[in-house]
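Trainee: Next comes the structure file entry-v5.cif, holding mmCIF, C-alpha atoms, pLDDT in the B column; chains and numbers go by the auth columns.
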```cif
data_query
#
loop_
_atom_site.group_PDB
_atom_site.id
_atom_site.type_symbol
_atom_site.label_atom_id
_atom_site.label_comp_id
_atom_site.label_asym_id
_atom_site.label_seq_id
_atom_site.Cartn_x
_atom_site.Cartn_y
_atom_site.Cartn_z
_atom_site.B_iso_or_equiv
_atom_site.auth_seq_id
_atom_site.auth_asym_id
ATOM 1 C CA MET A 1 -11.107 12.811 13.202 92.00 217 A
ATOM 2 C CA ILE A 2 -8.343 14.497 11.209 96.00 218 A
ATOM 3 C CA THR A 3 -6.061 11.893 9.624 97.00 219 A
ATOM 4 C CA LEU A 4 -2.661 12.325 8.007 98.00 220 A
ATOM 5 C CA ALA A 5 -1.566 9.497 5.712 98.00 221 A
ATOM 6 C CA ILE A 6 1.913 8.922 4.289 97.00 222 A
ATOM 7 C CA GLU A 7 2.368 6.616 1.291 95.00 223 A
ATOM 8 C CA THR A 8 5.952 5.839 0.195 94.00 224 A
ATOM 9 C CA ALA A 9 5.904 2.115 -0.652 93.00 225 A
ATOM 10 C CA THR A 10 6.235 2.565 -4.428 90.00 226 A
ATOM 11 C CA PRO A 11 7.886 5.048 -6.826 87.00 227 A
ATOM 12 C CA VAL A 12 4.663 7.105 -6.913 87.00 228 A
ATOM 13 C CA GLY A 13 3.905 8.133 -3.329 88.00 229 A
ATOM 14 C CA GLY A 14 1.826 10.763 -1.654 94.00 230 A
ATOM 15 C CA VAL A 15 0.520 12.502 1.434 96.00 231 A
ATOM 16 C CA ALA A 16 -3.154 13.018 2.283 97.00 232 A
ATOM 17 C CA LEU A 17 -5.190 14.817 4.920 96.00 233 A
ATOM 18 C CA VAL A 18 -8.780 13.714 5.598 95.00 234 A
ATOM 19 C CA ASP A 19 -11.162 15.298 8.112 90.00 235 A
ATOM 20 C CA GLY A 20 -14.124 13.775 9.914 83.00 236 A
ATOM 21 C CA ALA A 21 -16.542 14.798 7.166 83.00 237 A
ATOM 22 C CA GLY A 22 -14.484 13.031 4.497 81.00 238 A
ATOM 23 C CA ARG A 23 -13.075 16.221 3.000 87.00 239 A
ATOM 24 C CA ALA A 24 -9.557 15.566 1.742 92.00 240 A
ATOM 25 C CA VAL A 25 -6.465 17.195 0.295 93.00 241 A
ATOM 26 C CA GLU A 26 -3.753 15.101 -1.315 94.00 242 A
ATOM 27 C CA ALA A 27 -0.333 15.675 -2.866 93.00 243 A
ATOM 28 C CA ASN A 28 1.769 13.264 -4.905 89.00 244 A
ATOM 29 C CA LEU A 29 5.468 12.615 -4.349 84.00 245 A
ATOM 30 C CA ALA A 30 7.971 11.770 -7.075 68.00 246 A
ATOM 31 C CA LEU A 31 9.861 9.306 -4.929 56.00 247 A
ATOM 32 C CA ARG A 32 12.623 8.688 -7.432 58.00 248 A
ATOM 33 C CA SER A 33 13.838 12.238 -6.861 53.00 249 A
ATOM 34 C CA ASN A 34 14.879 13.646 -3.486 56.00 250 A
ATOM 35 C CA HIS A 35 12.058 11.907 -1.631 59.00 251 A
ATOM 36 C CA SER A 36 13.879 12.096 1.694 68.00 252 A
ATOM 37 C CA ARG A 37 13.892 15.892 1.378 77.00 253 A
ATOM 38 C CA THR A 38 10.395 16.414 -0.008 85.00 254 A
ATOM 39 C CA LEU A 39 8.223 14.397 2.377 91.00 255 A
ATOM 40 C CA LEU A 40 8.140 16.691 5.423 92.00 256 A
ATOM 41 C CA PRO A 41 7.798 19.882 3.357 92.00 257 A
ATOM 42 C CA THR A 42 4.856 18.248 1.567 93.00 258 A
ATOM 43 C CA VAL A 43 3.227 17.389 4.902 95.00 259 A
ATOM 44 C CA ASN A 44 3.669 20.979 6.074 94.00 260 A
ATOM 45 C CA ALA A 45 2.312 22.351 2.797 94.00 261 A
ATOM 46 C CA LEU A 46 -0.850 20.247 3.078 95.00 262 A
ATOM 47 C CA LEU A 47 -1.390 21.311 6.684 95.00 263 A
ATOM 48 C CA ASN A 48 -1.035 24.960 5.652 95.00 264 A
ATOM 49 C CA GLN A 49 -3.395 24.440 2.717 93.00 265 A
ATOM 50 C CA ALA A 50 -6.012 22.975 5.064 92.00 266 A
ATOM 51 C CA GLY A 51 -5.473 25.705 7.660 93.00 267 A
ATOM 52 C CA LEU A 52 -4.331 23.184 10.258 94.00 268 A
ATOM 53 C CA ALA A 53 -1.491 22.901 12.734 96.00 269 A
ATOM 54 C CA PRO A 54 0.310 19.582 13.351 96.00 270 A
ATOM 55 C CA THR A 55 -1.308 19.444 16.799 96.00 271 A
ATOM 56 C CA ASP A 56 -4.746 19.337 15.116 96.00 272 A
ATOM 57 C CA LEU A 57 -4.050 15.839 13.835 97.00 273 A
ATOM 58 C CA ASP A 58 -5.892 12.970 15.531 97.00 274 A
ATOM 59 C CA LEU A 59 -4.371 10.000 13.694 97.00 275 A
ATOM 60 C CA ILE A 60 -1.332 9.284 11.534 98.00 276 A
ATOM 61 C CA VAL A 61 -1.390 6.445 8.998 98.00 277 A
ATOM 62 C CA VAL A 62 1.611 5.061 7.128 98.00 278 A
ATOM 63 C CA ASP A 63 2.075 2.376 4.476 98.00 279 A
ATOM 64 C CA ILE A 64 4.378 -0.274 5.950 97.00 280 A
ATOM 65 C CA GLY A 65 4.811 -2.343 2.792 97.00 281 A
ATOM 66 C CA PRO A 66 5.754 -4.456 1.072 97.00 282 A
ATOM 67 C CA GLY A 67 7.487 -2.208 -1.413 94.00 283 A
ATOM 68 C CA SER A 68 10.617 -0.115 -1.838 91.00 284 A
ATOM 69 C CA PHE A 69 12.915 -0.658 1.141 92.00 285 A
ATOM 70 C CA THR A 70 14.205 2.912 0.994 89.00 286 A
ATOM 71 C CA GLY A 71 10.756 4.432 0.544 91.00 287 A
ATOM 72 C CA LEU A 72 9.312 2.423 3.430 93.00 288 A
ATOM 73 C CA ARG A 73 12.138 3.424 5.772 93.00 289 A
ATOM 74 C CA ILE A 74 11.736 7.103 4.955 93.00 290 A
ATOM 75 C CA GLY A 75 7.955 7.064 5.237 94.00 291 A
ATOM 76 C CA LEU A 76 7.907 5.102 8.461 96.00 292 A
ATOM 77 C CA SER A 77 10.658 7.111 10.148 95.00 293 A
ATOM 78 C CA THR A 78 8.842 10.345 9.267 95.00 294 A
ATOM 79 C CA ALA A 79 5.477 8.999 10.472 97.00 295 A
ATOM 80 C CA LYS A 80 6.985 7.709 13.714 97.00 296 A
ATOM 81 C CA GLY A 81 8.793 10.982 14.346 96.00 297 A
ATOM 82 C CA LEU A 82 5.555 12.912 13.932 97.00 298 A
ATOM 83 C CA ALA A 83 3.564 10.482 16.072 97.00 299 A
ATOM 84 C CA TRP A 84 6.086 10.589 18.913 97.00 300 A
ATOM 85 C CA ALA A 85 6.582 14.353 18.758 97.00 301 A
ATOM 86 C CA LEU A 86 2.838 15.082 18.649 97.00 302 A
ATOM 87 C CA LYS A 87 1.812 12.170 20.914 97.00 303 A
ATOM 88 C CA LYS A 88 -0.612 10.885 18.280 96.00 304 A
ATOM 89 C CA PRO A 89 -1.628 7.291 17.451 97.00 305 A
ATOM 90 C CA LEU A 90 0.040 5.658 14.446 97.00 306 A
ATOM 91 C CA VAL A 91 -1.540 2.894 12.347 97.00 307 A
ATOM 92 C CA GLY A 92 0.309 0.912 9.672 97.00 308 A
ATOM 93 C CA VAL A 93 -1.424 -0.334 6.519 97.00 309 A
ATOM 94 C CA HIS A 94 -0.195 -2.776 3.879 97.00 310 A
ATOM 95 C CA SER A 95 0.467 -1.524 0.357 98.00 311 A
ATOM 96 C CA LEU A 96 -1.411 -4.412 -1.288 98.00 312 A
ATOM 97 C CA ASP A 97 -4.457 -3.749 0.904 97.00 313 A
ATOM 98 C CA VAL A 98 -4.273 -0.065 -0.021 97.00 314 A
ATOM 99 C CA LEU A 99 -4.243 -0.901 -3.732 96.00 315 A
ATOM 100 C CA VAL A 100 -7.486 -2.847 -3.361 95.00 316 A
ATOM 101 C CA GLU A 101 -8.983 -0.186 -1.075 93.00 317 A
ATOM 102 C CA ARG A 102 -8.686 2.498 -3.742 88.00 318 A
ATOM 103 C CA LEU A 103 -10.548 0.503 -6.414 86.00 319 A
ATOM 104 C CA PRO A 104 -14.201 1.064 -7.366 76.00 320 A
ATOM 105 C CA GLN A 105 -14.851 -2.454 -6.184 72.00 321 A
ATOM 106 C CA ALA A 106 -17.284 -4.603 -8.131 84.00 322 A
ATOM 107 C CA PRO A 107 -17.737 -8.079 -6.621 89.00 323 A
ATOM 108 C CA GLY A 108 -15.088 -10.531 -7.750 93.00 324 A
ATOM 109 C CA LEU A 109 -11.494 -11.649 -7.296 96.00 325 A
ATOM 110 C CA TYR A 110 -8.666 -9.093 -7.288 97.00 326 A
ATOM 111 C CA CYS A 111 -4.904 -9.439 -7.477 98.00 327 A
ATOM 112 C CA PRO A 112 -2.619 -6.449 -6.819 98.00 328 A
ATOM 113 C CA VAL A 113 0.922 -6.938 -8.140 98.00 329 A
ATOM 114 C CA ILE A 114 3.869 -4.773 -7.050 97.00 330 A
ATOM 115 C CA ASP A 115 7.225 -5.163 -8.788 97.00 331 A
ATOM 116 C CA ALA A 116 9.674 -6.685 -6.292 96.00 332 A
ATOM 117 C CA ARG A 117 12.596 -6.807 -8.768 93.00 333 A
ATOM 118 C CA LYS A 118 14.709 -9.937 -9.284 94.00 334 A
ATOM 119 C CA GLY A 119 11.929 -11.531 -11.358 96.00 335 A
ATOM 120 C CA GLU A 120 9.437 -11.543 -8.490 97.00 336 A
ATOM 121 C CA VAL A 121 6.321 -9.669 -7.385 98.00 337 A
ATOM 122 C CA TYR A 122 4.665 -8.788 -4.102 98.00 338 A
ATOM 123 C CA THR A 123 1.080 -9.954 -4.297 98.00 339 A
ATOM 124 C CA ALA A 124 -2.022 -11.361 -2.598 98.00 340 A
ATOM 125 C CA LEU A 125 -5.506 -12.465 -3.642 98.00 341 A
ATOM 126 C CA TYR A 126 -8.662 -10.683 -2.487 97.00 342 A
ATOM 127 C CA ARG A 127 -12.367 -11.469 -2.670 95.00 343 A
ATOM 128 C CA VAL A 128 -14.776 -8.519 -2.886 91.00 344 A
ATOM 129 C CA GLN A 129 -18.401 -9.218 -2.009 89.00 345 A
ATOM 130 C CA ALA A 130 -21.578 -7.128 -1.783 79.00 346 A
ATOM 131 C CA ASP A 131 -24.468 -7.647 0.653 78.00 347 A
ATOM 132 C CA TYR A 132 -28.157 -7.095 -0.022 74.00 348 A
ATOM 133 C CA ARG A 133 -27.767 -3.364 0.641 76.00 349 A
ATOM 134 C CA GLY A 134 -24.974 -3.104 -1.900 71.00 350 A
ATOM 135 C CA ASP A 135 -22.317 -2.507 0.765 77.00 351 A
ATOM 136 C CA ARG A 136 -19.015 -3.984 -0.340 80.00 352 A
ATOM 137 C CA THR A 137 -16.379 -5.732 1.741 84.00 353 A
ATOM 138 C CA SER A 138 -12.983 -7.068 0.714 89.00 354 A
ATOM 139 C CA GLU A 139 -11.281 -10.106 2.244 93.00 355 A
ATOM 140 C CA ARG A 140 -7.651 -11.002 1.762 96.00 356 A
ATOM 141 C CA LEU A 141 -7.578 -14.707 0.903 96.00 357 A
ATOM 142 C CA THR A 142 -3.813 -15.204 1.191 96.00 358 A
ATOM 143 C CA GLY A 143 -0.914 -13.851 3.127 96.00 359 A
ATOM 144 C CA LEU A 144 1.327 -11.132 1.703 97.00 360 A
ATOM 145 C CA LEU A 145 3.346 -13.076 -0.856 97.00 361 A
ATOM 146 C CA LEU A 146 6.628 -12.801 -2.730 97.00 362 A
ATOM 147 C CA LEU A 147 6.305 -14.965 -5.847 97.00 363 A
ATOM 148 C CA LYS A 148 7.592 -15.588 -9.314 98.00 364 A
ATOM 149 C CA PRO A 149 4.938 -14.597 -11.880 98.00 365 A
ATOM 150 C CA GLU A 150 4.657 -18.252 -12.893 98.00 366 A
ATOM 151 C CA ALA A 151 3.826 -19.266 -9.320 98.00 367 A
ATOM 152 C CA LEU A 152 1.217 -16.529 -9.031 98.00 368 A
ATOM 153 C CA ALA A 153 -0.435 -17.534 -12.302 98.00 369 A
ATOM 154 C CA GLY A 154 -0.701 -21.081 -10.977 97.00 370 A
ATOM 155 C CA ARG A 155 -2.884 -19.844 -8.096 96.00 371 A
ATOM 156 C CA VAL A 156 -5.493 -18.171 -10.308 97.00 372 A
ATOM 157 C CA ARG A 157 -8.541 -20.373 -10.928 96.00 373 A
ATOM 158 C CA GLU A 158 -11.222 -17.853 -11.922 96.00 374 A
ATOM 159 C CA GLU A 159 -11.520 -14.483 -13.612 97.00 375 A
ATOM 160 C CA THR A 160 -9.341 -12.078 -11.664 97.00 376 A
ATOM 161 C CA THR A 161 -8.795 -8.337 -11.972 97.00 377 A
ATOM 162 C CA PHE A 162 -5.079 -7.463 -11.843 98.00 378 A
ATOM 163 C CA ILE A 163 -3.685 -4.057 -10.908 97.00 379 A
ATOM 164 C CA GLY A 164 -0.311 -2.707 -9.867 97.00 380 A
ATOM 165 C CA ASP A 165 3.005 -1.475 -11.231 97.00 381 A
ATOM 166 C CA GLY A 166 4.204 -5.074 -11.596 97.00 382 A
ATOM 167 C CA LEU A 167 1.995 -5.373 -14.681 98.00 383 A
ATOM 168 C CA ALA A 168 4.345 -3.090 -16.615 96.00 384 A
ATOM 169 C CA GLY A 169 6.770 -6.001 -16.718 96.00 385 A
ATOM 170 C CA TYR A 170 4.498 -9.016 -16.361 98.00 386 A
ATOM 171 C CA GLY A 171 1.069 -8.002 -17.653 98.00 387 A
ATOM 172 C CA ASN A 172 1.658 -9.597 -21.055 98.00 388 A
ATOM 173 C CA PHE A 173 2.791 -12.806 -19.374 98.00 389 A
ATOM 174 C CA PHE A 174 -0.335 -13.002 -17.223 98.00 390 A
ATOM 175 C CA GLN A 175 -2.583 -12.209 -20.176 98.00 391 A
ATOM 176 C CA LYS A 176 -0.967 -14.904 -22.322 98.00 392 A
ATOM 177 C CA THR A 177 -0.816 -17.496 -19.536 98.00 393 A
ATOM 178 C CA LEU A 178 -4.258 -16.940 -17.983 98.00 394 A
ATOM 179 C CA GLY A 179 -6.250 -16.030 -21.097 98.00 395 A
ATOM 180 C CA PRO A 180 -9.880 -15.258 -20.182 98.00 396 A
ATOM 181 C CA LEU A 181 -9.092 -15.515 -16.458 98.00 397 A
ATOM 182 C CA TYR A 182 -6.987 -12.342 -16.704 98.00 398 A
ATOM 183 C CA LYS A 183 -8.729 -8.980 -16.485 97.00 399 A
ATOM 184 C CA ARG A 184 -6.714 -5.754 -16.511 97.00 400 A
ATOM 185 C CA GLY A 185 -7.762 -3.115 -14.006 95.00 401 A
ATOM 186 C CA ALA A 186 -7.527 0.611 -14.709 93.00 402 A
ATOM 187 C CA GLU A 187 -3.905 1.687 -15.140 94.00 403 A
ATOM 188 C CA ASP A 188 -4.478 4.879 -13.138 93.00 404 A
ATOM 189 C CA MET A 189 -5.076 2.627 -10.116 93.00 405 A
ATOM 190 C CA ASP A 190 -1.673 0.907 -10.355 96.00 406 A
ATOM 191 C CA TYR A 191 -0.130 2.663 -7.348 95.00 407 A
ATOM 192 C CA PRO A 192 -1.303 2.838 -3.715 94.00 408 A
ATOM 193 C CA SER A 193 -2.696 6.260 -2.868 95.00 409 A
ATOM 194 C CA ALA A 194 -2.325 8.202 0.364 97.00 410 A
ATOM 195 C CA LEU A 195 -6.054 8.907 0.329 96.00 411 A
ATOM 196 C CA ALA A 196 -6.893 5.188 0.212 96.00 412 A
ATOM 197 C CA ALA A 197 -4.307 4.578 2.956 97.00 413 A
ATOM 198 C CA ALA A 198 -6.044 7.197 5.115 97.00 414 A
ATOM 199 C CA ARG A 199 -9.456 5.554 4.634 94.00 415 A
ATOM 200 C CA LEU A 200 -8.101 2.107 5.424 95.00 416 A
ATOM 201 C CA GLY A 201 -6.118 3.329 8.430 96.00 417 A
ATOM 202 C CA LYS A 202 -9.165 5.093 9.900 95.00 418 A
ATOM 203 C CA THR A 203 -11.221 1.908 9.492 93.00 419 A
ATOM 204 C CA LEU A 204 -8.549 -0.199 11.206 95.00 420 A
ATOM 205 C CA PHE A 205 -8.149 2.326 14.019 95.00 421 A
ATOM 206 C CA SER A 206 -11.917 2.429 14.605 93.00 422 A
ATOM 207 C CA ALA A 207 -11.893 -1.377 14.732 92.00 423 A
ATOM 208 C CA GLY A 208 -9.278 -1.310 17.494 90.00 424 A
ATOM 209 C CA ALA A 209 -6.010 -1.741 15.583 85.00 425 A
ATOM 210 C CA GLY A 210 -2.914 -1.142 17.661 80.00 426 A
ATOM 211 C CA SER A 211 -1.588 2.393 17.452 82.00 427 A
ATOM 212 C CA ASP A 212 1.634 2.453 19.495 91.00 428 A
ATOM 213 C CA PRO A 213 4.295 3.962 17.179 93.00 429 A
ATOM 214 C CA ALA A 214 6.963 1.728 18.703 93.00 430 A
ATOM 215 C CA LEU A 215 5.109 -1.369 17.481 93.00 431 A
ATOM 216 C CA VAL A 216 4.562 -0.248 13.875 95.00 432 A
ATOM 217 C CA MET A 217 7.225 -1.976 11.798 95.00 433 A
ATOM 218 C CA PRO A 218 7.942 -2.253 8.065 95.00 434 A
ATOM 219 C CA VAL A 219 6.909 -5.397 6.180 95.00 435 A
ATOM 220 C CA TYR A 220 9.670 -6.199 3.709 93.00 436 A
ATOM 221 C CA ILE A 221 8.946 -9.932 3.077 91.00 437 A
ATOM 222 C CA ARG A 222 12.330 -10.244 1.320 80.00 438 A
ATOM 223 C CA PRO A 223 15.510 -9.640 3.349 69.00 439 A
ATOM 224 C CA SER A 224 17.341 -6.433 2.475 54.00 440 A
ATOM 225 C CA GLU A 225 20.642 -6.507 0.572 49.00 441 A
ATOM 226 C CA ALA A 226 22.423 -5.542 3.787 44.00 442 A
ATOM 227 C CA GLU A 227 20.878 -8.469 5.639 43.00 443 A
ATOM 228 C CA LEU A 228 21.784 -10.845 2.802 38.00 444 A
ATOM 229 C CA SER A 229 25.375 -9.570 2.781 41.00 445 A
ATOM 230 C CA LEU A 230 25.610 -10.005 6.550 37.00 446 A
ATOM 231 C CA ALA A 231 24.248 -13.540 6.300 38.00 447 A
ATOM 232 C CA ASP A 232 26.758 -14.389 3.548 42.00 448 A
ATOM 233 C CA GLY A 233 29.562 -13.054 5.730 46.00 449 A
ATOM 234 C CA ARG A 234 28.562 -15.359 8.560 50.00 450 A
ATOM 235 C CA SER A 235 28.248 -18.462 6.436 47.00 451 A
#
```
Starting from the file, give its structure as C-alpha cells.
Mentor:
Amino acid sequence: MITLAIETATPVGGVALVDGAGRAVEANLALRSNHSRTLLPTVNALLNQAGLAPTDLDLIVVDIGPGSFTGLRIGLSTAKGLAWALKKPLVGVHSLDVLVERLPQAPGLYCPVIDARKGEVYTALYRVQADYRGDRTSERLTGLLLLKPEALAGRVREETTFIGDGLAGYGNFFQKTLGPLYKRGAEDMDYPSALAAARLGKTLFSAGAGSDPALVMPVYIRPSEAELSLADGRS
C-alpha cells in the first residue's frame, strides 16, 4: 500500500510517501512562509522522486488537528482535493496522537503539548505499555484537551514525559511545578511528522477507520476568530 501523508497542523509541517515495504521519502515544509503555495509542489516533487504517479497512491492521510487553523485548512483542503480527484480513501489523524506515534516509546506516561496561543495548550495524556514480546501499544487516556498550563499540571500524578512546541513557552513552568514528575522528551520530537502520520493513518485504515473524504473534518477544539466574531455580533 502506497500512502501519502500531509502534516500541516504546526509551524513545522511535512509530506511523506511510504510504500508497502516501509520504504519512505519525506520533505519538510516551512509553514510560516508561503505554505499555501508550497504544499502541492512538494507532493509532486516527492512523487517524482519516488518514480510514482498520483494514480499509484492507495491511501491519503492528513493531520486534522488540533493545531494552526490556517495550516489545518490548507492541509485538509489539499488532501480532500487529491482524494476526490484520484478517487482514493482519506484518513484523518490527530496531531497529538501523531506526536506520540513518532516517539521511541518506552513504557510510561506521555503528554504532548501544542501551543494554542492565548495562554493555553492543546494536550492529552497517553499510557504506553509493552507486552511480554516487547510489542508496545499506546492508549490515549483523555480526550483532546484545550487547557491552561496550570490545569494540565494539576492532572499529572506520576512521572510523565512531555514533548511538543508548547514547551518552548511553558516547559520551565511544568518543570518548576511538577518537579520530579516532569521529564523532558527529545526536542527534535517536538513537532508531528508526516512519516508518523502515515504510519498511524495506515494502522487506522487497516483497522477499519472511515475513509470517505466528505466525512474527514478538522478538529479545532477552540472556535475560530471568525466564529467568535460572528457569535459576538449575534449577542
Trainee: I'd like the contact shell of stretch 354-371 of chain A - 6 Å cut-off, only C-alpha atoms, skipping same-chain residues fewer than 4 positions apart - returned as a PyMOL selection string.
Mentor: chain A and resi 336-344
Trainee: Please provide the set of residues having any atom within 8 Å of A:Phe285, restricted to only C-alpha atoms, with same-chain residues fewer than 3 positions apart removed, written as an NGL selection string.
Mentor: :A and (225 or 288-289 or 436 or 440)
Trainee: List the spatial neighbours of A:Gln391 as a list in words - criterion: any atom at most 10 Å away, all atoms listed in the file, same-chain residues fewer than 6 positions off excluded.
Mentor: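 Contacts, with the query itself left out: Ala369, Phe378, Leu383, Leu397, Tyr398, Lys399 and Arg400 of chain A.
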Trainee: Using all atoms listed in the file, which of the listed residues (A:Gly424, A:Gly380, A:Pro396, A:Pro257) sits closest to A:Val228?
Mentor: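 For A:Val228, the nearest of the candidates is A:Gly380.
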Trainee: Using all atoms listed in the file, which residue out of A:Ala240, A:Val329, A:Ala295, A:Leu256 lies closest to A:Val277?
Mentor: A:Ala295
Trainee: The PyMOL selection byres ((chain A and resi 265) around 12) on the file shown: which residues, as a list in words?
Mentor: Ala232, Leu233, Ala240, Val241, Glu242, Ala243, Thr258, Val259, Asn260, Ala261, Leu262, Leu263, Asn264, Ala266, Gly267, Leu268 and Ala269 of chain A
Trainee: Pick the closest to A:Leu312 from A:Met405, A:Leu394, A:Ile218, A:Leu273: which is it, counting only C-alpha atoms?
Mentor: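 Ranked by minimum distance to A:Leu312, first place goes to A:Met405.
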Trainee: Using all atoms listed in the file and a cutoff of 7 Å, can you tell me which residues are near (2.0, 10.6, 0.6) in the file's coordinates, and write them out as a list in words?
Mentor: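 Taken together, the residues in range are Ala221, Ile222, Glu223, Thr224, Gly229, Gly230, Val231, Ala232, Ala243, Asn244, Leu245 and Ala410 of chain A.
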Trainee: So how far away is atom CA of A:Gly417 from atom CA of A:Val278, in Å?
Mentor: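 Between atom CA of A:Val278 and atom CA of A:Gly417 the gap works out to 8.0 Å.
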Trainee: Expanded to explicit residues, what is the PyMOL selection byres ((chain A and resi 305) around 8) for this file, as a list of chain:residue names?
Mentor: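 When the PyMOL selection byres ((chain A and resi 305) around 8) is applied to the shown file, the picked residues are A:Asp274, A:Leu275, A:Ile276, A:Ala299, A:Lys303, A:Lys304, A:Leu306, A:Val307, A:Ser427, A:Asp428, A:Pro429.
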Trainee: Work out how far apart atom CA of A:Glu317 and atom CA of A:Pro408 are and give it in Å to one decimal.
Mentor: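 Between these atoms lies a distance of 8.7 Å.
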Trainee: Quick one: distance from atom CA of A:Val234 to atom CA of A:Thr419 in Å, one decimal?
Mentor: 12.7 Å
Trainee: Which one of A:Gly426, A:Gly308, A:Val432, A:Ala414 sits closest to A:Gly236 if you count all atoms listed in the file?
Mentor: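 Of all the options, A:Ala414 lies closest to A:Gly236.
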Trainee: For the file shown, what are the residues hit by the PyMOL selection byres ((chain A and resi 434) around 6), laid out as a PyMOL selection string?
Mentor: chain A and resi 280+433+435
Trainee: Measuring between only C-alpha atoms, which one of A:Ser422, A:Arg318, A:Cys327, A:Ile290 shows the shortest distance to A:Glu374?
Mentor: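 Comparing A:Ser422, A:Arg318, A:Cys327, A:Ile290 against A:Glu374, the winner is A:Cys327.
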Trainee: Could you tell me which of A:Leu315, A:Ala425, A:Val372, A:Ala332 comes closest to A:Gly395 if we count only C-alpha atoms?
Mentor: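 That would be A:Val372, the residue with the smallest distance to A:Gly395.
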